[in-house]
Amino acid sequence: MSTGNGTPPSLPAATAQGTTIKPTDLRGILKYVPRFQGQIFVLALDGAIVADENLSNLLVDIAVLRSLGIKVVLIHGIGQQLVELAALRNVAISDAYGTGVTDAATLDLAIRASSRVSHVILEGLTQNSLKCAITNSIRALPIGIIKGVDQQFTGRVERIDKEFISELIDRSVVPVVPPLAFGPDGKSLRINSDALAAELAEALHATKIIYLTPHGGLEIDGEIRREISVDALRAIIKDKPDQIAETSRSKAMHAVKAIETGTPRVHIVDGRIFDGLINEIFSSEGVGSLVYGNDYQQIRKARRSDVRFIYSLTRNAVRREELIHRTQQAIEKNIDQFFVYEIDENIIACVTLYFYPDMPELAEVGSLYVLPFYHHRGIGKKMVEYACLMAKERGTKRVIALSTQSFGFFTAVCGFEETTKEALPEARLKLYDDSGRNAKVLVKQLT
Ligand SMILES: CC(C)(COP(=O)(O)OP(=O)(O)OC[C@H]1O[C@@H](n2cnc3c(N)ncnc32)[C@H](O)[C@@H]1OP(=O)(O)O)[C@@H](O)C(=O)NCCC(=O)NCCS
């Protein structure tokens with residue numbers, strides 16, 4: 001069975017049709033397993049996909065992802081079901097997608113449609129022997145009045161009980177998240193499922209969002225774009241929004257938002273295609289559209305206005321002696337050495353890069369700090385890589401780092417090697433001895 005693009009045929013196709021998986025197929029898929037194992041994928045199914053005959057195959061695909069150690073959170077929309085239910089009951093709805101006004105009658109139908117859709121998903125997951133749960137972990141606030149119009153029961157995510165969801169995932173339960181949340185009074189609010197997927201991915205540190213839609217992918221200028229960088233997509237949204245097909249607009253906007261808030265990749269895949277999900281994940285070409293972030297786009301040189309934030313960001317690490325104390329004045333004086341990592345205009349990490357005036361072949365990386373909420377997402381590594389890149393661009397041959405508690409990070413993750421303090425320039429060696437911190441000295445050759 002061929003996928004037509006030279007990539008391994010998928011496991012679920014074989015499973016669904018009761019055929020045997022060829023060892024060659026497995027080999028193709030297995031190379032991706034270590035890469036994705038333990039990662040969280042947020043799968044967002046449009047209501048139309050839940051209604052599509054391919055749903056049962058999709059749920060088998062999800063079972064395959066789980067069996068390969070990929071953690072899955074499932075969000076669903078209800079647009080199509082809401083429109084159908086409204087027609088059936090002869091009720092005029094104020095909005096079908098959770099983006100406009102949700103009046104009381106629409107909310108009532110949305111709750112009914114959502115219960116039905118969630119239940120269909122629960123049935124399908126049960127048929128694939130997967131445990132699943134619907135929770136009250138999404139808290140929202142009413143959007144309020146926009147341009148003079150009260151949006152009534154339309155909400156925006158205020159808080160996600162990520163511990164609750166993570167606990168479920170860790171117990172091999174698939175959380176099923178409907179596009180409804182609970183307001184401050186515990187009552188329901190309608191949420192747009194594309195926006196919810198982006199919020200959940202951020203809160204859970206997901207590595208991917210996969211939007212499953214009833215369209216071929218991200219349609220720009222009449223064509224499905226197979227790959228686009230977030231910068232290019234952001235520019236199109238800003239300057240030529242009409243180029244983006246109406247059916248792709250919400251996904252495009254939320255893909256940009258998700259990547260800007262730290263989710264590295266967003267896929268938009270036709271959920272009606274048999275094998276589509278698995279091929280998108282386990283093939284180098286994919287079948288849908290991929291929006292990807294520039295690896296270093298969130299890193300920038302620090303500015304004077306950042307001093308206060310850098311100071312409070314690193315204060316805890318200073319208390320734990322992970323970093324040396326620097327006053328706000330000292331940070332300000334050396335602000336040219338700082339680089340910061342921003343998410344949603346908040347500084348969540350910093351690093352310094354210092355060039356020795358009398359030793360041009362050597363630079364020092366220091367003051368590396370990542371806010372604990374953002375640990376284990378590759379940000380620390382990215383900051384060090386970026387600093388090394390900057391050092392290399394200036395013609396530096398080696399980078400050193402001094403660390404008391406995170407030397408394992410520098411050696412195991414960033415490719416540094418331990419060396420002796422004699423590798424330090426004379427003036428730096430004196431400072432090192434005077435500090436009494438006895439930090440390990442680490443070095444990396446820039447090839
Ligand atoms: C060290 C630090 C920058 C790592 O940031 P991060 O964004 O979580 O790092 P990454 O996501 O790129 O890498 C995480 C990996 O680093 C490794 N790691 C982190 N700290 C480590 C340590 N002290 N020893 C060995 N390995 C370590 C882990 O293997 C981890 O892998 P995992 O995600 O599979 O658990 C962060 O923990 C931090 O800010 N610590 C406090 C300040 C500090 O010690 N700074 C260094 C002083 S120069």
# chains A, B, ... in the order shown; residues from 1 in each chain; ligands from 1

call {"tool": "residues_around", "arguments": {"residues": "A:Ala245", "least_positions_apart": "5", "cutoff": "10 Å", "atoms": "only C-alpha atoms", "output": "PyMOL selection string"}}
result
chain A and resi 218-224+250+252

call {"tool": "write_last_selection", "arguments": {"atoms": "N, CA, C and O atoms", "output": "PDB file, in the first residue's frame"}}
result
ATOM      1  N   LEU A 218      -4.184  25.027   4.141  1.00  0.00           N
ATOM      2  CA  LEU A 218      -4.204  26.481   4.209  1.00  0.00           C
ATOM      3  C   LEU A 218      -4.221  27.045   2.786  1.00  0.00           C
ATOM      4  O   LEU A 218      -3.246  26.905   2.055  1.00  0.00           O
ATOM      5  N   GLU A 219      -5.348  27.658   2.419  1.00  0.00           N
ATOM      6  CA  GLU A 219      -5.473  28.117   1.038  1.00  0.00           C
ATOM      7  C   GLU A 219      -5.129  29.606   0.936  1.00  0.00           C
ATOM      8  O   GLU A 219      -5.813  30.448   1.508  1.00  0.00           O
ATOM      9  N   ILE A 220      -4.049  29.873   0.211  1.00  0.00           N
ATOM     10  CA  ILE A 220      -3.616  31.264   0.032  1.00  0.00           C
ATOM     11  C   ILE A 220      -3.498  31.532  -1.461  1.00  0.00           C
ATOM     12  O   ILE A 220      -2.848  30.767  -2.177  1.00  0.00           O
ATOM     13  N   ASP A 221      -4.123  32.604  -1.888  1.00  0.00           N
ATOM     14  CA  ASP A 221      -4.091  32.981  -3.299  1.00  0.00           C
ATOM     15  C   ASP A 221      -4.553  31.829  -4.204  1.00  0.00           C
ATOM     16  O   ASP A 221      -3.943  31.548  -5.232  1.00  0.00           O
ATOM     17  N   GLY A 222      -5.581  31.152  -3.770  1.00  0.00           N
ATOM     18  CA  GLY A 222      -6.175  30.090  -4.586  1.00  0.00           C
ATOM     19  C   GLY A 222      -5.449  28.762  -4.570  1.00  0.00           C
ATOM     20  O   GLY A 222      -5.833  27.829  -5.267  1.00  0.00           O
ATOM     21  N   GLU A 223      -4.375  28.683  -3.783  1.00  0.00           N
ATOM     22  CA  GLU A 223      -3.621  27.422  -3.757  1.00  0.00           C
ATOM     23  C   GLU A 223      -3.400  26.951  -2.331  1.00  0.00           C
ATOM     24  O   GLU A 223      -3.278  27.769  -1.421  1.00  0.00           O
ATOM     25  N   ILE A 224      -3.320  25.632  -2.167  1.00  0.00           N
ATOM     26  CA  ILE A 224      -3.003  25.105  -0.840  1.00  0.00           C
ATOM     27  C   ILE A 224      -1.493  25.228  -0.646  1.00  0.00           C
ATOM     28  O   ILE A 224      -0.708  24.693  -1.424  1.00  0.00           O
ATOM     29  N   SER A 250      -9.468  31.657  10.011  1.00  0.00           N
ATOM     30  CA  SER A 250      -9.391  31.448  11.460  1.00  0.00           C
ATOM     31  C   SER A 250      -8.179  30.582  11.809  1.00  0.00           C
ATOM     32  O   SER A 250      -7.433  30.869  12.741  1.00  0.00           O
ATOM     33  N   ALA A 252      -5.456  30.248  10.070  1.00  0.00           N
ATOM     34  CA  ALA A 252      -4.222  31.009   9.819  1.00  0.00           C
ATOM     35  C   ALA A 252      -3.909  31.918  11.013  1.00  0.00           C
ATOM     36  O   ALA A 252      -2.796  31.947  11.529  1.00  0.00           O
TER      37      ALA A 252
END

call {"tool": "residues_near_ligand", "arguments": {"ligand": "ligand 1", "cutoff": "9 Å", "atoms": "only C-alpha atoms and all ligand atoms", "output": "short mmCIF file (atom, residue, chain, number, x, y, z; two decimals) with all heavy atoms, in the first residue's frame"}}
result
data_model
loop_
_atom_site.label_atom_id
_atom_site.label_comp_id
_atom_site.auth_asym_id
_atom_site.auth_seq_id
_atom_site.Cartn_x
_atom_site.Cartn_y
_atom_site.Cartn_z
N THR A 314 15.45 37.12 37.06
CA THR A 314 16.57 36.31 37.53
C THR A 314 16.71 36.27 39.06
O THR A 314 17.55 35.56 39.57
CB THR A 314 17.90 36.85 36.93
OG1 THR A 314 17.97 38.25 37.18
CG2 THR A 314 17.96 36.61 35.43
N ASN A 316 15.06 34.95 41.52
CA ASN A 316 14.94 33.65 42.18
C ASN A 316 16.19 32.79 41.98
O ASN A 316 16.62 32.09 42.90
CB ASN A 316 13.72 32.90 41.65
CG ASN A 316 12.46 33.45 42.28
OD1 ASN A 316 12.52 34.01 43.38
ND2 ASN A 316 11.35 33.32 41.59
N ALA A 317 16.74 32.85 40.76
CA ALA A 317 17.94 32.05 40.48
C ALA A 317 19.12 32.57 41.30
O ALA A 317 19.97 31.79 41.75
CB ALA A 317 18.27 32.10 39.00
N VAL A 318 19.14 33.88 41.51
CA VAL A 318 20.21 34.46 42.33
C VAL A 318 20.08 33.94 43.76
O VAL A 318 21.06 33.52 44.39
CB VAL A 318 20.14 36.01 42.29
CG1 VAL A 318 21.10 36.62 43.30
CG2 VAL A 318 20.43 36.52 40.89
N ARG A 320 18.88 31.18 44.73
CA ARG A 320 19.30 29.78 44.81
C ARG A 320 20.77 29.59 44.41
O ARG A 320 21.22 28.46 44.21
CB ARG A 320 18.42 28.94 43.88
CG ARG A 320 17.00 28.77 44.41
CD ARG A 320 16.27 27.69 43.64
NE ARG A 320 16.17 28.04 42.23
CZ ARG A 320 15.14 28.71 41.69
NH1 ARG A 320 14.13 29.07 42.45
NH2 ARG A 320 15.12 29.00 40.42
N GLU A 321 21.46 30.71 44.22
CA GLU A 321 22.88 30.71 43.83
C GLU A 321 23.13 30.08 42.48
O GLU A 321 24.23 29.59 42.19
CB GLU A 321 23.73 30.04 44.91
CG GLU A 321 23.82 30.87 46.17
CD GLU A 321 24.80 30.29 47.17
OE1 GLU A 321 25.81 29.73 46.74
OE2 GLU A 321 24.53 30.39 48.37
N GLU A 322 22.11 30.01 41.66
CA GLU A 322 22.32 29.50 40.31
C GLU A 322 22.99 30.58 39.45
O GLU A 322 23.74 30.30 38.53
CB GLU A 322 20.99 29.08 39.68
CG GLU A 322 20.40 27.83 40.32
CD GLU A 322 18.92 27.68 40.01
OE1 GLU A 322 18.22 28.66 39.72
OE2 GLU A 322 18.46 26.53 40.08
N LEU A 323 22.65 31.82 39.75
CA LEU A 323 23.25 32.95 39.04
C LEU A 323 23.89 33.89 40.05
O LEU A 323 23.44 33.95 41.20
CB LEU A 323 22.18 33.73 38.26
CG LEU A 323 21.45 33.02 37.13
CD1 LEU A 323 20.48 33.99 36.46
CD2 LEU A 323 22.40 32.47 36.09
N ILE A 324 24.90 34.64 39.58
CA ILE A 324 25.48 35.63 40.50
C ILE A 324 24.59 36.87 40.55
O ILE A 324 23.91 37.19 39.59
CB ILE A 324 26.94 36.03 40.15
CG1 ILE A 324 27.05 36.31 38.65
CG2 ILE A 324 27.92 35.00 40.61
CD1 ILE A 324 28.35 36.97 38.28
N ALA A 349 13.00 34.53 29.34
CA ALA A 349 14.35 33.98 29.47
C ALA A 349 15.37 35.03 29.08
O ALA A 349 15.06 35.96 28.33
CB ALA A 349 14.51 32.75 28.57
N CYS A 350 16.59 34.87 29.60
CA CYS A 350 17.66 35.78 29.20
C CYS A 350 19.00 35.05 29.17
O CYS A 350 19.14 33.95 29.72
CB CYS A 350 17.74 36.97 30.16
SG CYS A 350 18.21 36.53 31.83
N VAL A 351 19.94 35.65 28.48
CA VAL A 351 21.31 35.12 28.43
C VAL A 351 22.23 36.30 28.13
O VAL A 351 21.79 37.30 27.54
CB VAL A 351 21.45 34.01 27.35
CG1 VAL A 351 21.37 34.56 25.94
CG2 VAL A 351 22.72 33.20 27.53
N VAL A 365 29.39 32.98 27.66
CA VAL A 365 27.93 32.94 27.79
C VAL A 365 27.61 32.91 29.28
O VAL A 365 28.24 32.16 30.02
CB VAL A 365 27.38 31.66 27.12
CG1 VAL A 365 25.92 31.46 27.46
CG2 VAL A 365 27.54 31.72 25.61
N GLY A 366 26.67 33.73 29.72
CA GLY A 366 26.34 33.72 31.14
C GLY A 366 24.91 34.15 31.41
O GLY A 366 24.12 34.37 30.46
N SER A 367 24.60 34.26 32.70
CA SER A 367 23.26 34.71 33.15
C SER A 367 22.13 34.03 32.39
O SER A 367 21.12 34.66 32.07
CB SER A 367 23.12 36.23 33.00
OG SER A 367 23.97 36.86 33.89
N LEU A 368 22.30 32.75 32.12
CA LEU A 368 21.24 32.03 31.40
C LEU A 368 20.13 31.70 32.40
O LEU A 368 20.36 31.09 33.44
CB LEU A 368 21.80 30.74 30.81
CG LEU A 368 20.76 29.82 30.15
CD1 LEU A 368 20.17 30.46 28.91
CD2 LEU A 368 21.39 28.48 29.80
N TYR A 369 18.94 32.12 32.07
CA TYR A 369 17.82 31.82 32.95
C TYR A 369 16.54 31.67 32.14
O TYR A 369 16.24 32.51 31.28
CB TYR A 369 17.64 32.94 34.00
CG TYR A 369 16.53 32.61 34.98
CD1 TYR A 369 16.73 31.68 35.99
CD2 TYR A 369 15.27 33.20 34.86
CE1 TYR A 369 15.72 31.35 36.87
CE2 TYR A 369 14.25 32.88 35.74
CZ TYR A 369 14.48 31.95 36.74
OH TYR A 369 13.46 31.61 37.60
N VAL A 370 15.81 30.61 32.43
CA VAL A 370 14.51 30.39 31.78
C VAL A 370 13.47 30.28 32.90
O VAL A 370 13.67 29.53 33.87
CB VAL A 370 14.51 29.09 30.94
CG1 VAL A 370 13.15 28.86 30.29
CG2 VAL A 370 15.60 29.13 29.88
N LEU A 371 12.40 31.01 32.79
CA LEU A 371 11.33 30.97 33.78
C LEU A 371 10.83 29.52 33.94
O LEU A 371 10.56 28.86 32.93
CB LEU A 371 10.18 31.86 33.28
CG LEU A 371 9.26 32.48 34.31
CD1 LEU A 371 10.02 33.44 35.21
CD2 LEU A 371 8.15 33.24 33.59
N PRO A 372 10.72 29.01 35.19
CA PRO A 372 10.42 27.58 35.37
C PRO A 372 9.21 27.08 34.58
O PRO A 372 9.24 25.97 34.07
CB PRO A 372 10.19 27.46 36.88
CG PRO A 372 11.04 28.55 37.45
CD PRO A 372 11.01 29.67 36.46
N PHE A 373 8.16 27.90 34.41
CA PHE A 373 6.97 27.45 33.66
C PHE A 373 7.35 27.01 32.24
O PHE A 373 6.70 26.17 31.65
CB PHE A 373 5.94 28.59 33.61
CG PHE A 373 4.71 28.27 32.81
CD1 PHE A 373 3.69 27.51 33.36
CD2 PHE A 373 4.56 28.72 31.49
CE1 PHE A 373 2.54 27.19 32.62
CE2 PHE A 373 3.42 28.41 30.75
CZ PHE A 373 2.41 27.64 31.33
N TYR A 374 8.43 27.61 31.72
CA TYR A 374 8.81 27.34 30.33
C TYR A 374 9.97 26.34 30.20
O TYR A 374 10.50 26.16 29.11
CB TYR A 374 9.15 28.65 29.61
CG TYR A 374 7.93 29.53 29.45
CD1 TYR A 374 7.64 30.53 30.36
CD2 TYR A 374 7.04 29.32 28.41
CE1 TYR A 374 6.50 31.32 30.22
CE2 TYR A 374 5.90 30.10 28.25
CZ TYR A 374 5.64 31.10 29.17
OH TYR A 374 4.52 31.85 29.03
N HIS A 375 10.34 25.71 31.31
CA HIS A 375 11.43 24.73 31.23
C HIS A 375 11.05 23.56 30.34
O HIS A 375 9.87 23.28 30.13
CB HIS A 375 11.74 24.18 32.64
CG HIS A 375 12.60 25.12 33.46
ND1 HIS A 375 13.01 24.83 34.73
CD2 HIS A 375 13.14 26.34 33.15
CE1 HIS A 375 13.74 25.84 35.19
NE2 HIS A 375 13.83 26.77 34.26
N HIS A 376 12.05 22.85 29.88
CA HIS A 376 11.89 21.60 29.10
C HIS A 376 11.20 21.81 27.76
O HIS A 376 10.52 20.93 27.26
CB HIS A 376 11.13 20.53 29.90
CG HIS A 376 11.72 20.29 31.25
ND1 HIS A 376 12.96 19.73 31.41
CD2 HIS A 376 11.27 20.59 32.49
CE1 HIS A 376 13.25 19.68 32.70
NE2 HIS A 376 12.24 20.20 33.38
N ARG A 377 11.34 23.01 27.21
CA ARG A 377 10.76 23.25 25.88
C ARG A 377 11.84 23.62 24.88
O ARG A 377 11.56 24.12 23.82
CB ARG A 377 9.75 24.40 25.95
CG ARG A 377 8.63 24.15 26.91
CD ARG A 377 7.73 25.34 27.02
NE ARG A 377 6.87 25.44 25.86
CZ ARG A 377 5.91 26.36 25.73
NH1 ARG A 377 5.72 27.24 26.66
NH2 ARG A 377 5.16 26.38 24.68
N GLY A 378 13.09 23.40 25.28
CA GLY A 378 14.19 23.68 24.35
C GLY A 378 14.60 25.15 24.33
O GLY A 378 15.44 25.56 23.52
N ILE A 379 14.03 25.97 25.24
CA ILE A 379 14.33 27.40 25.21
C ILE A 379 15.76 27.68 25.69
O ILE A 379 16.50 28.46 25.08
CB ILE A 379 13.28 28.20 26.01
CG1 ILE A 379 11.92 28.08 25.31
CG2 ILE A 379 13.69 29.67 26.16
CD1 ILE A 379 10.75 28.66 26.07
N GLY A 380 16.16 26.99 26.77
CA GLY A 380 17.52 27.17 27.28
C GLY A 380 18.54 26.84 26.20
O GLY A 380 19.48 27.61 25.95
N LYS A 381 18.33 25.72 25.53
CA LYS A 381 19.26 25.28 24.48
C LYS A 381 19.29 26.31 23.35
O LYS A 381 20.35 26.68 22.83
CB LYS A 381 18.79 23.92 23.95
CG LYS A 381 19.68 23.32 22.91
CD LYS A 381 19.24 21.92 22.57
CE LYS A 381 20.21 21.33 21.56
NZ LYS A 381 19.54 20.69 20.46
N LYS A 382 18.12 26.79 23.00
CA LYS A 382 18.02 27.76 21.91
C LYS A 382 18.77 29.05 22.26
O LYS A 382 19.45 29.64 21.42
CB LYS A 382 16.54 28.08 21.68
CG LYS A 382 16.17 28.20 20.22
CD LYS A 382 14.71 28.44 20.06
CE LYS A 382 13.94 27.18 19.74
NZ LYS A 382 12.51 27.45 19.48
N MET A 383 18.67 29.48 23.52
CA MET A 383 19.35 30.71 23.94
C MET A 383 20.87 30.54 23.82
O MET A 383 21.57 31.44 23.37
CB MET A 383 19.00 31.06 25.39
CG MET A 383 17.55 31.41 25.64
SD MET A 383 17.04 32.91 24.82
CE MET A 383 17.55 34.18 25.96
N VAL A 384 21.36 29.37 24.27
CA VAL A 384 22.81 29.14 24.21
C VAL A 384 23.25 29.02 22.75
O VAL A 384 24.27 29.60 22.35
CB VAL A 384 23.19 27.88 25.03
CG1 VAL A 384 24.66 27.55 24.87
CG2 VAL A 384 22.85 28.09 26.51
N ALA A 401 31.58 29.02 29.45
CA ALA A 401 30.46 29.27 30.37
C ALA A 401 30.91 28.82 31.75
O ALA A 401 31.67 27.85 31.88
CB ALA A 401 29.23 28.49 29.93
N LEU A 402 30.47 29.53 32.78
CA LEU A 402 30.78 29.12 34.15
C LEU A 402 29.47 28.73 34.81
O LEU A 402 28.49 29.48 34.73
CB LEU A 402 31.40 30.28 34.94
CG LEU A 402 32.66 30.92 34.36
CD1 LEU A 402 33.21 31.96 35.31
CD2 LEU A 402 33.72 29.87 34.10
N SER A 403 29.45 27.57 35.43
CA SER A 403 28.18 27.15 36.02
C SER A 403 28.40 26.37 37.30
O SER A 403 29.28 25.51 37.37
CB SER A 403 27.40 26.29 35.02
OG SER A 403 26.20 25.88 35.60
N THR A 404 27.59 26.67 38.31
CA THR A 404 27.69 25.94 39.58
C THR A 404 26.69 24.78 39.63
O THR A 404 26.95 23.76 40.23
CB THR A 404 27.40 26.87 40.78
OG1 THR A 404 26.17 27.54 40.54
CG2 THR A 404 28.52 27.85 41.03
N GLN A 405 25.53 24.97 39.01
CA GLN A 405 24.49 23.94 39.15
C GLN A 405 23.99 23.37 37.85
O GLN A 405 23.34 22.33 37.84
CB GLN A 405 23.32 24.52 39.96
CG GLN A 405 23.75 24.82 41.40
CD GLN A 405 22.67 25.54 42.17
OE1 GLN A 405 21.49 25.30 41.97
NE2 GLN A 405 23.07 26.42 43.06
N SER A 406 24.25 24.07 36.75
CA SER A 406 23.69 23.60 35.48
C SER A 406 24.75 23.16 34.50
O SER A 406 24.54 23.18 33.30
CB SER A 406 22.84 24.71 34.86
OG SER A 406 21.75 24.96 35.71
N PHE A 407 25.94 22.74 35.03
CA PHE A 407 27.00 22.33 34.09
C PHE A 407 26.56 21.12 33.27
O PHE A 407 26.93 20.96 32.12
CB PHE A 407 28.33 22.08 34.81
CG PHE A 407 28.20 21.30 36.08
CD1 PHE A 407 28.21 19.91 36.04
CD2 PHE A 407 28.06 21.94 37.28
CE1 PHE A 407 28.09 19.19 37.20
CE2 PHE A 407 27.94 21.22 38.46
CZ PHE A 407 27.94 19.84 38.43
N GLY A 408 25.70 20.27 33.88
CA GLY A 408 25.19 19.09 33.15
C GLY A 408 24.40 19.53 31.93
O GLY A 408 24.44 18.88 30.89
N PHE A 409 23.69 20.63 32.06
CA PHE A 409 22.91 21.16 30.94
C PHE A 409 23.85 21.60 29.82
O PHE A 409 23.63 21.30 28.64
CB PHE A 409 22.06 22.35 31.43
CG PHE A 409 21.43 23.14 30.33
CD1 PHE A 409 20.31 22.67 29.68
CD2 PHE A 409 21.98 24.35 29.94
CE1 PHE A 409 19.73 23.40 28.65
CE2 PHE A 409 21.41 25.09 28.91
CZ PHE A 409 20.28 24.60 28.27
N PHE A 410 24.93 22.31 30.21
CA PHE A 410 25.85 22.79 29.19
C PHE A 410 26.56 21.63 28.48
O PHE A 410 26.78 21.69 27.27
CB PHE A 410 26.88 23.75 29.80
CG PHE A 410 26.31 25.12 30.02
CD1 PHE A 410 25.83 25.51 31.26
CD2 PHE A 410 26.24 26.01 28.97
CE1 PHE A 410 25.29 26.77 31.45
CE2 PHE A 410 25.70 27.28 29.14
CZ PHE A 410 25.22 27.66 30.39
N THR A 411 26.90 20.59 29.23
CA THR A 411 27.64 19.49 28.59
C THR A 411 26.68 18.57 27.83
O THR A 411 26.86 18.31 26.65
CB THR A 411 28.44 18.67 29.63
OG1 THR A 411 27.58 18.32 30.71
CG2 THR A 411 29.63 19.43 30.15
N ALA A 412 25.61 18.12 28.50
CA ALA A 412 24.73 17.13 27.87
C ALA A 412 23.85 17.72 26.77
O ALA A 412 23.59 17.07 25.77
CB ALA A 412 23.87 16.46 28.94
N VAL A 413 23.40 18.95 26.98
CA VAL A 413 22.41 19.51 26.03
C VAL A 413 23.06 20.46 25.02
O VAL A 413 22.67 20.49 23.86
CB VAL A 413 21.27 20.23 26.81
CG1 VAL A 413 20.25 20.86 25.88
CG2 VAL A 413 20.59 19.26 27.77
N CYS A 414 24.07 21.23 25.48
CA CYS A 414 24.59 22.28 24.59
C CYS A 414 25.96 21.95 23.98
O CYS A 414 26.53 22.79 23.28
CB CYS A 414 24.68 23.60 25.34
SG CYS A 414 23.11 24.11 26.04
#

call {"tool": "select_by_dssp", "arguments": {"residues": "stretch 146-295 of chain A", "states": "strand (DSSP E or B)", "output": "PyMOL selection string"}}
result
chain A and resi 146+149-150+152+154-160+173-177+180-182+188-190+208-213+218-220+223-225+227-229+244+265-270+289-292

call {"tool": "residues_around", "arguments": {"residues": "A:Gln297", "least_positions_apart": "6", "cutoff": "10 Å", "atoms": "only C-alpha atoms", "output": "ChimeraX atom specification"}}
result
/A:230-231,260,341-342

call {"tool": "write_last_selection", "arguments": {"atoms": "N, CA and C atoms", "output": "mmCIF file, in the first residue's frame"}}
result
data_model
loop_
_atom_site.group_PDB
_atom_site.id
_atom_site.type_symbol
_atom_site.label_atom_id
_atom_site.label_comp_id
_atom_site.auth_asym_id
_atom_site.auth_seq_id
_atom_site.Cartn_x
_atom_site.Cartn_y
_atom_site.Cartn_z
ATOM 1 N N VAL A 230 5.945 31.337 9.823
ATOM 2 C CA VAL A 230 5.018 32.191 10.567
ATOM 3 C C VAL A 230 5.195 33.655 10.161
ATOM 4 N N ASP A 231 6.429 34.049 9.841
ATOM 5 C CA ASP A 231 6.660 35.441 9.437
ATOM 6 C C ASP A 231 5.914 35.748 8.141
ATOM 7 N N GLU A 260 3.505 32.136 18.059
ATOM 8 C CA GLU A 260 4.040 33.276 18.831
ATOM 9 C C GLU A 260 4.036 32.989 20.329
ATOM 10 N N TYR A 341 14.314 36.396 25.567
ATOM 11 C CA TYR A 341 13.366 35.552 24.829
ATOM 12 C C TYR A 341 11.974 36.027 25.228
ATOM 13 N N GLU A 342 11.187 36.357 24.216
ATOM 14 C CA GLU A 342 9.865 36.929 24.508
ATOM 15 C C GLU A 342 8.742 36.010 24.065
#

call {"tool": "residues_around", "arguments": {"residues": "A:Arg249", "least_positions_apart": "2", "cutoff": "12 Å", "atoms": "only C-alpha atoms", "output": "ChimeraX atom specification"}}
result
/A:194,215,217-220,233-234,236-238,240-247,251-256,268

call {"tool": "atom_distance", "arguments": {"atom1": "atom CA of A:Asn54", "atom2": "atom CA of A:Pro178"}}
result
19.7 Å

call {"tool": "closest_residue", "arguments": {"among": "A:Ser289, A:Gln337, A:Ser114, A:Thr213", "to": "A:Thr352", "atoms": "only C-alpha atoms"}}
result
A:Gln337

call {"tool": "select_by_dssp", "arguments": {"residues": "stretch 107-305 of chain A", "states": "alpha helix (DSSP H)", "output": "count of residues only"}}
result
73

call {"tool": "atom_distance", "arguments": {"atom1": "atom CA of A:Thr419", "atom2": "atom CA of A:Asp358"}}
result
20.5 Å
